[in-house]
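Source file: input-v5.txt; contents: compact mmCIF, C-alpha atoms.
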```txt
# COMPACT_ATOMS: atom_id res chain seq x y z
CA MET A 17 17.47 -26.14 66.91
CA TYR A 18 18.75 -22.96 68.53
CA LYS A 19 16.72 -19.74 68.46
CA SER A 20 19.67 -17.82 67.11
CA SER A 21 20.80 -16.59 63.74
CA LEU A 22 23.79 -18.00 61.89
CA LEU A 23 25.49 -15.49 59.58
CA LEU A 24 27.79 -16.65 56.78
CA GLU A 25 30.11 -14.05 55.23
CA GLY A 26 31.12 -14.31 51.58
CA GLY A 27 34.62 -14.12 50.15
CA GLY A 28 34.64 -16.37 47.09
CA MET A 29 36.98 -19.31 47.54
CA ARG A 30 37.80 -18.16 51.08
CA GLY A 31 34.43 -19.73 51.80
CA VAL A 32 36.08 -23.13 52.15
CA TYR A 33 36.86 -21.93 55.67
CA THR A 34 33.11 -21.64 56.23
CA ALA A 35 32.67 -25.11 54.74
CA GLY A 36 34.98 -26.55 57.39
CA VAL A 37 33.14 -24.82 60.22
CA LEU A 38 29.74 -25.94 58.93
CA ASP A 39 30.83 -29.55 58.56
CA PHE A 40 31.83 -29.60 62.21
CA LEU A 41 28.51 -28.05 63.23
CA LEU A 42 26.66 -30.68 61.21
CA GLU A 43 28.62 -33.46 62.86
CA LYS A 44 27.63 -32.06 66.25
CA GLN A 45 24.02 -31.54 65.08
CA ILE A 46 24.13 -27.83 65.88
CA GLU A 47 21.32 -26.16 63.95
CA PHE A 48 19.83 -22.68 63.88
CA GLU A 49 16.37 -21.34 63.11
CA THR A 50 17.68 -18.85 60.58
CA VAL A 51 20.78 -18.93 58.39
CA ILE A 52 21.69 -15.75 56.49
CA GLY A 53 24.22 -16.16 53.70
CA VAL A 54 26.03 -13.49 51.74
CA SER A 55 27.52 -14.26 48.33
CA ALA A 56 29.39 -17.58 48.62
CA GLY A 57 27.97 -17.89 52.13
CA SER A 58 24.48 -18.32 50.68
CA CYS A 59 25.60 -21.37 48.71
CA HIS A 60 27.34 -22.85 51.73
CA GLY A 61 24.12 -22.35 53.65
CA CYS A 62 22.24 -24.54 51.16
CA ASN A 63 24.36 -27.59 51.89
CA TYR A 64 24.23 -26.87 55.61
CA LEU A 65 20.43 -27.01 55.52
CA SER A 66 20.46 -30.13 53.33
CA LYS A 67 22.91 -31.61 55.89
CA GLN A 68 25.34 -32.90 53.28
CA ILE A 69 28.64 -33.06 55.13
CA GLY A 70 31.63 -32.52 52.85
CA ARG A 71 29.64 -31.37 49.84
CA ASN A 72 30.56 -27.69 50.15
CA PHE A 73 34.26 -28.47 49.99
CA GLN A 74 33.83 -31.02 47.22
CA ILE A 75 31.98 -28.58 44.99
CA ASN A 76 34.57 -25.86 45.58
CA THR A 77 37.52 -28.08 44.67
CA ASP A 78 36.48 -31.04 42.51
CA TYR A 79 35.90 -29.01 39.34
CA LEU A 80 38.69 -26.46 39.50
CA ASP A 81 40.81 -28.16 36.84
CA GLY A 82 38.10 -27.75 34.22
CA SER A 83 36.96 -24.49 32.69
CA ASP A 84 33.24 -25.01 33.20
CA TYR A 85 33.25 -24.09 36.90
CA LEU A 86 35.48 -21.03 37.16
CA SER A 87 37.55 -19.57 34.33
CA PHE A 88 38.31 -16.52 32.25
CA ARG A 89 37.05 -18.51 29.27
CA ASN A 90 33.63 -18.38 30.89
CA LEU A 91 34.03 -14.63 31.39
CA ILE A 92 34.74 -14.10 27.69
CA LYS A 93 32.07 -16.54 26.53
CA THR A 94 29.21 -15.73 28.90
CA LYS A 95 30.35 -12.51 30.65
CA SER A 96 30.54 -14.53 33.87
CA ALA A 97 33.71 -16.07 35.31
CA PHE A 98 31.43 -18.61 36.97
CA GLY A 99 29.72 -21.28 34.90
CA MET A 100 26.25 -20.63 36.31
CA ASP A 101 24.53 -23.45 34.40
CA PHE A 102 27.29 -25.83 35.42
CA MET A 103 27.14 -24.73 39.06
CA PHE A 104 23.37 -24.65 39.46
CA ASP A 105 22.28 -27.43 37.11
CA ASP A 106 25.01 -29.89 36.13
CA ILE A 107 26.57 -30.21 39.59
CA PRO A 108 23.44 -30.48 41.79
CA ASN A 109 21.39 -32.54 39.33
CA LYS A 110 24.00 -34.76 37.66
CA LEU A 111 27.48 -34.74 39.20
CA ASN A 112 27.18 -34.23 42.97
CA LEU A 113 23.51 -34.53 43.75
CA PHE A 114 21.92 -31.97 46.01
CA ASP A 115 19.40 -33.37 48.51
CA TYR A 116 16.42 -31.20 47.63
CA GLU A 117 14.10 -33.22 49.86
CA ALA A 118 16.27 -32.77 52.95
CA TYR A 119 16.57 -29.05 52.27
CA HIS A 120 12.84 -28.53 51.79
CA ASN A 121 12.02 -30.59 54.89
CA ASN A 122 14.38 -28.60 57.10
CA LYS A 123 12.42 -26.31 59.41
CA ALA A 124 15.19 -23.72 59.35
CA GLN A 125 15.16 -20.91 56.83
CA LEU A 126 17.96 -19.75 54.56
CA ILE A 127 18.02 -16.09 53.62
CA ALA A 128 20.26 -15.11 50.70
CA VAL A 129 21.51 -11.53 50.49
CA SER A 130 21.93 -9.77 47.15
CA SER A 131 22.34 -6.11 46.13
CA ASP A 132 19.80 -4.15 44.10
CA VAL A 133 21.70 -2.43 41.30
CA GLU A 134 19.11 0.30 40.86
CA THR A 135 18.72 1.27 44.51
CA GLY A 136 22.08 0.20 45.91
CA LEU A 137 20.23 -1.44 48.80
CA PRO A 138 20.36 -5.04 50.07
CA VAL A 139 17.70 -7.58 49.15
CA TYR A 140 17.00 -10.38 51.62
CA ARG A 141 15.30 -13.41 50.08
CA ASN A 142 14.09 -16.47 51.95
CA ILE A 143 15.08 -19.43 49.76
CA VAL A 144 11.94 -21.46 50.41
CA ASN A 145 12.08 -23.50 47.22
CA MET A 146 15.43 -24.40 45.70
CA TYR A 147 13.85 -24.81 42.29
CA THR A 148 11.98 -21.52 41.99
CA ASP A 149 14.22 -19.28 44.12
CA ILE A 150 17.51 -20.32 42.53
CA ASP A 151 18.02 -16.99 40.72
CA TYR A 152 18.40 -15.25 44.09
CA LEU A 153 21.32 -17.55 44.88
CA LYS A 154 22.86 -16.79 41.50
CA ALA A 155 22.46 -13.08 42.19
CA SER A 156 24.01 -13.37 45.64
CA ILE A 157 27.30 -14.72 44.20
CA SER A 158 27.43 -12.55 41.07
CA ILE A 159 30.50 -10.39 41.67
CA PRO A 160 30.48 -7.06 39.80
CA LEU A 161 32.74 -7.11 36.70
CA LEU A 162 32.97 -10.92 36.93
CA ALA A 163 29.29 -11.71 36.38
CA PRO A 164 26.33 -10.09 34.63
CA ILE A 165 23.36 -8.55 36.41
CA VAL A 166 20.73 -11.11 37.38
CA GLU A 167 17.19 -9.98 36.62
CA VAL A 168 14.53 -11.59 38.79
CA ASP A 169 11.05 -10.48 39.86
CA GLY A 170 11.53 -7.07 38.26
CA ARG A 171 14.79 -6.44 40.09
CA LYS A 172 18.36 -6.18 38.86
CA LEU A 173 20.65 -7.88 41.35
CA LEU A 174 24.32 -8.55 42.03
CA ASP A 175 26.61 -9.76 44.82
CA GLY A 176 25.10 -9.34 48.28
CA GLY A 177 28.43 -8.33 49.78
CA ILE A 178 28.20 -4.90 48.16
CA ALA A 179 25.14 -3.72 50.07
CA ASP A 180 25.43 -5.79 53.27
CA SER A 181 28.57 -7.87 53.73
CA ILE A 182 27.77 -8.99 57.29
CA PRO A 183 24.00 -8.62 57.88
CA LEU A 184 24.07 -8.53 61.68
CA ARG A 185 21.67 -5.62 62.01
CA TYR A 186 19.24 -7.35 59.65
CA ALA A 187 19.40 -10.46 61.84
CA GLU A 188 18.62 -8.28 64.84
CA SER A 189 15.60 -6.87 63.00
CA LEU A 190 14.23 -10.42 62.81
CA GLY A 191 14.07 -10.49 66.59
CA TYR A 192 17.08 -12.64 67.40
CA GLU A 193 19.13 -11.66 70.43
CA LYS A 194 22.02 -14.06 69.84
CA HIS A 195 24.01 -14.43 66.64
CA VAL A 196 26.76 -16.78 65.50
CA LEU A 197 29.00 -15.31 62.79
CA ILE A 198 31.34 -17.23 60.52
CA LEU A 199 33.74 -14.71 59.00
CA THR A 200 36.38 -15.41 56.37
CA ARG A 201 38.87 -12.72 57.40
CA ASP A 202 41.13 -12.52 60.45
CA PRO A 203 40.35 -10.22 63.41
CA ALA A 204 42.90 -7.59 62.34
CA TYR A 205 41.49 -7.22 58.83
CA ARG A 206 39.94 -3.96 57.77
CA LYS A 207 38.63 -3.38 54.26
CA GLY A 208 40.20 -0.69 52.09
CA LYS A 209 38.79 1.31 49.20
CA ASN A 210 37.90 -0.62 46.06
CA ARG A 211 40.83 -0.29 43.68
CA LEU A 212 38.59 -1.03 40.69
CA MET A 213 36.35 2.00 41.17
CA PRO A 214 37.24 3.52 37.77
CA LEU A 215 36.00 0.34 36.09
CA ILE A 216 32.95 0.19 38.36
CA ARG A 217 32.01 3.77 37.51
CA LYS A 218 32.35 3.06 33.81
CA GLN A 219 30.52 -0.28 33.85
CA PHE A 220 27.67 0.91 36.07
CA LYS A 221 27.34 4.56 35.06
CA LYS A 222 23.59 4.03 34.60
CA TYR A 223 23.31 2.95 38.25
CA PRO A 224 24.68 5.76 40.47
CA ASN A 225 23.18 4.26 43.63
CA PHE A 226 25.08 1.04 43.06
CA VAL A 227 28.31 2.91 42.33
CA LYS A 228 27.86 4.78 45.61
CA ALA A 229 27.28 1.49 47.46
CA VAL A 230 30.55 0.11 46.08
CA GLU A 231 32.38 3.34 46.99
CA GLU A 232 31.12 3.19 50.56
CA ARG A 233 31.37 -0.55 51.06
CA HIS A 234 34.64 -0.42 52.98
CA LEU A 235 33.22 2.19 55.38
CA ASN A 236 30.09 0.16 56.08
CA TYR A 237 32.08 -3.06 56.40
CA ASN A 238 34.51 -1.62 58.92
CA ASN A 239 31.69 0.01 60.88
CA THR A 240 30.01 -3.38 61.09
CA LEU A 241 33.22 -4.92 62.42
CA ASN A 242 33.27 -2.29 65.16
CA TYR A 243 29.65 -3.08 65.96
CA ILE A 244 30.45 -6.78 66.12
CA GLU A 245 33.13 -6.09 68.73
CA LEU A 246 30.57 -4.18 70.81
CA MET A 247 28.07 -7.02 70.55
CA LYS A 248 30.74 -9.56 71.49
CA ARG A 249 31.39 -7.67 74.72
CA GLN A 250 27.67 -7.78 75.44
CA LYS A 251 27.65 -11.57 74.87
CA LYS A 252 25.21 -11.26 71.96
CA VAL A 253 27.57 -12.34 69.21
CA PHE A 254 29.84 -15.37 68.87
CA VAL A 255 32.42 -15.24 66.09
CA ILE A 256 34.35 -18.05 64.42
CA GLN A 257 37.01 -16.74 62.05
CA PRO A 258 40.62 -17.37 60.95
CA GLN A 259 43.06 -16.10 63.51
CA SER A 260 45.75 -15.19 60.98
CA GLU A 261 45.67 -13.55 57.57
CA VAL A 262 44.03 -15.68 54.89
CA LYS A 263 46.46 -15.68 51.98
CA ILE A 264 44.25 -17.00 49.22
CA SER A 265 42.34 -15.02 46.64
CA GLN A 266 38.62 -14.89 45.88
CA LEU A 267 39.28 -16.98 42.78
CA GLU A 268 41.93 -19.30 44.29
CA LYS A 269 42.58 -22.56 42.42
CA ASN A 270 45.38 -24.06 44.52
CA LYS A 271 43.73 -27.15 46.00
CA GLN A 272 46.37 -27.61 48.68
CA LYS A 273 45.79 -24.09 49.99
CA LEU A 274 42.03 -24.63 49.88
CA ARG A 275 42.30 -27.92 51.75
CA SER A 276 44.42 -26.26 54.42
CA LEU A 277 41.89 -23.46 54.88
CA TYR A 278 39.01 -25.94 55.06
CA GLU A 279 40.81 -27.91 57.76
CA GLN A 280 41.55 -24.68 59.61
CA GLY A 281 37.82 -23.87 59.65
CA TYR A 282 36.97 -27.32 60.94
CA GLN A 283 39.61 -27.13 63.68
CA ASP A 284 38.61 -23.62 64.73
CA ALA A 285 35.01 -24.77 65.11
CA LYS A 286 36.16 -27.78 67.10
CA ASP A 287 38.28 -25.60 69.38
CA SER A 288 35.30 -23.24 69.86
CA TYR A 289 32.79 -26.01 70.55
CA ASP A 290 32.49 -25.76 74.33
CA ASP A 291 32.37 -21.97 74.31
CA LEU A 292 29.80 -22.04 71.51
CA LEU A 293 27.50 -24.36 73.46
CA SER A 294 27.79 -22.14 76.52
CA PHE A 295 26.95 -19.11 74.40
CA LEU A 296 23.91 -20.74 72.81
CA LYS A 297 22.50 -22.13 76.04
```
Represent the structure from my file as structure tokens, please.
Amino acid sequence: MYKSSLLLEGGGMRGVYTAGVLDFLLEKQIEFETVIGVSAGSCHGCNYLSKQIGRNFQINTDYLDGSDYLSFRNLIKTKSAFGMDFMFDDIPNKLNLFDYEAYHNNKAQLIAVSSDVETGLPVYRNIVNMYTDIDYLKASISIPLLAPIVEVDGRKLLDGGIADSIPLRYAESLGYEKHVLILTRDPAYRKGKNRLMPLIRKQFKKYPNFVKAVEERHLNYNNTLNYIELMKRQKKVFVIQPQSEVKISQLEKNKQKLRSLYEQGYQDAKDSYDDLLSFLK
């Protein structure tokens, strides 16, 4: 187990790229002391720590044809496009069993990032127990306007990508000097202003700090990308990411496109294998 952090960016269904990378790492038995997942990345981190090769991709594609997993029917019925009960109960406990024992026995830690709606600041939660900490995973993937606020431990939380999309500086604060990042955008990508700000301002008018965090997200994201480039030159960061533009949406349902992106992630990790080992050692 390497004394490095592994950071998993979100991106909704673009996370199948991350699934491909993680499956290769599992096959090569490459493990890290700390895994930090943002939004969809937090869920991918769960299956990485439970060492269930293929499960991330299966969950993201096997249930797309039904409405229980991801649909506008869910949004109308429950105010969430994601079927949270289906995702966090039916799938892991009945349909595609999650290995709770393997997860809890893993000496690595998974930290899920969410955003505090009242403060606009990131919340970093160590998912020690998959039974009692599950609400922090739900919060981490709850995209504003597509999911309701998750209330847990006196906090009101939403998608972690708002407050800290790529938590490299947080990983540094934990004392790690080397970091492996799995990003779901290509190197040329830079985030633009949120085009849904009028809706955000209306929906979250009671939470000005959160509105400000959404307004400034693109600035913080792009600043982090610049910082990553600096850390790469100093040999402190190793990045695996798509090398060309990812042309699928956050809510993509085309299984062929998703399969292609998953395979791309696996191949990119394979191509990076020797360099990654040199970096870690």
So which residues touch range 86-88 of chain A within 6 Å, counting only C-alpha atoms, skipping near sequence neighbours fewer than 3 positions away, as a VMD selection string? chain A and resid 83 91 97 to 98
How about saving the chosen residues, C-alpha atoms kept, as a compact mmCIF listing (two decimals), in the frame of the given file?
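Once everything was written out, this is again.txt:
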```
# COMPACT_ATOMS: atom_id res chain seq x y z
CA SER A 83 36.96 -24.49 32.69
CA LEU A 91 34.03 -14.63 31.39
CA ALA A 97 33.71 -16.07 35.31
CA PHE A 98 31.43 -18.61 36.97
```
Excluding range 49-58 of chain A and any residue of its chain fewer than 2 positions from it, enumerate the residues within 7 Å of it, using all atoms listed in the file, and give them as a PyMOL selection string. chain A and resi 17-28+31+47+60-62+124-129+153+156-157+175-177+181
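For the set A:Arg185, A:Asn142, A:Ile264, A:Lys222, the residue with the smallest atom-to-atom gap to Tyr278 in chain A is A:Ile264, counting all atoms listed in the file.
From CA of Ser276 in chain A back to CA of Ala35 in chain A, the distance works out to 11.8 Å.
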So the first atom is CA of Gln280 in chain A and the second is CA of Arg71 in chain A; what is the distance between them in Å, to one decimal place? 16.8 Å
Nearby residues, (39.0, -0.8, 48.1) file frame, 9 Å, all atoms listed in the file, as an NGL selection string: :A and (207-213 or 230-231 or 233-234)
Could you please take those selected residues and save C-alpha atoms as a PDB file, in the coordinates of the input?
```
ATOM      1  CA  LYS A 207      38.630  -3.380  54.260  1.00  0.00           C
ATOM      2  CA  GLY A 208      40.200  -0.690  52.090  1.00  0.00           C
ATOM      3  CA  LYS A 209      38.790   1.310  49.200  1.00  0.00           C
ATOM      4  CA  ASN A 210      37.900  -0.620  46.060  1.00  0.00           C
ATOM      5  CA  ARG A 211      40.830  -0.290  43.680  1.00  0.00           C
ATOM      6  CA  LEU A 212      38.590  -1.030  40.690  1.00  0.00           C
ATOM      7  CA  MET A 213      36.350   2.000  41.170  1.00  0.00           C
ATOM      8  CA  VAL A 230      30.550   0.110  46.080  1.00  0.00           C
ATOM      9  CA  GLU A 231      32.380   3.340  46.990  1.00  0.00           C
ATOM     10  CA  ARG A 233      31.370  -0.550  51.060  1.00  0.00           C
ATOM     11  CA  HIS A 234      34.640  -0.420  52.980  1.00  0.00           C
TER      12      HIS A 234
END
```
Show me, as number ranges by chain, the residues that have an atom within 7 Å of range 101-106 of chain A when counting all atoms listed in the file, minus same-chain residues fewer than 3 positions from it. A: 84-85, 109-111
As an mmCIF file with C-alpha atoms, in the coordinates of the input, please: the residues near Phe40 in chain A (cut-off 10 Å, only C-alpha atoms, same-chain neighbours under 2 positions excluded).
```
data_model
loop_
_atom_site.group_PDB
_atom_site.id
_atom_site.type_symbol
_atom_site.label_atom_id
_atom_site.label_comp_id
_atom_site.auth_asym_id
_atom_site.auth_seq_id
_atom_site.Cartn_x
_atom_site.Cartn_y
_atom_site.Cartn_z
ATOM 1 C CA ALA A 35 32.670 -25.110 54.740
ATOM 2 C CA GLY A 36 34.980 -26.550 57.390
ATOM 3 C CA VAL A 37 33.140 -24.820 60.220
ATOM 4 C CA LEU A 38 29.740 -25.940 58.930
ATOM 5 C CA LEU A 42 26.660 -30.680 61.210
ATOM 6 C CA GLU A 43 28.620 -33.460 62.860
ATOM 7 C CA LYS A 44 27.630 -32.060 66.250
ATOM 8 C CA GLN A 45 24.020 -31.540 65.080
ATOM 9 C CA ILE A 46 24.130 -27.830 65.880
ATOM 10 C CA ILE A 69 28.640 -33.060 55.130
ATOM 11 C CA GLY A 70 31.630 -32.520 52.850
ATOM 12 C CA GLY A 281 37.820 -23.870 59.650
ATOM 13 C CA TYR A 282 36.970 -27.320 60.940
ATOM 14 C CA GLN A 283 39.610 -27.130 63.680
ATOM 15 C CA ASP A 284 38.610 -23.620 64.730
ATOM 16 C CA ALA A 285 35.010 -24.770 65.110
ATOM 17 C CA LYS A 286 36.160 -27.780 67.100
ATOM 18 C CA TYR A 289 32.790 -26.010 70.550
#
```
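Distances to Tyr116 in chain A were evaluated for A:Ile92, A:Val144, A:Leu161, A:Ile256 using all atoms listed in the file, and the minimum falls at A:Val144.
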Given the point (40.7, -10.5, 62.5) in the coordinates of this file, which residues lie within 10 Å, counting all atoms listed in the file, and how would they look as an MDAnalysis selection string? chainID A and resid 199:206 241 257:262
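Each of A:Leu174, A:Val253, A:Leu293, A:Ile143 was checked against Val196 in chain A using all atoms listed in the file; the smallest atom-to-atom distance is that of A:Val253.
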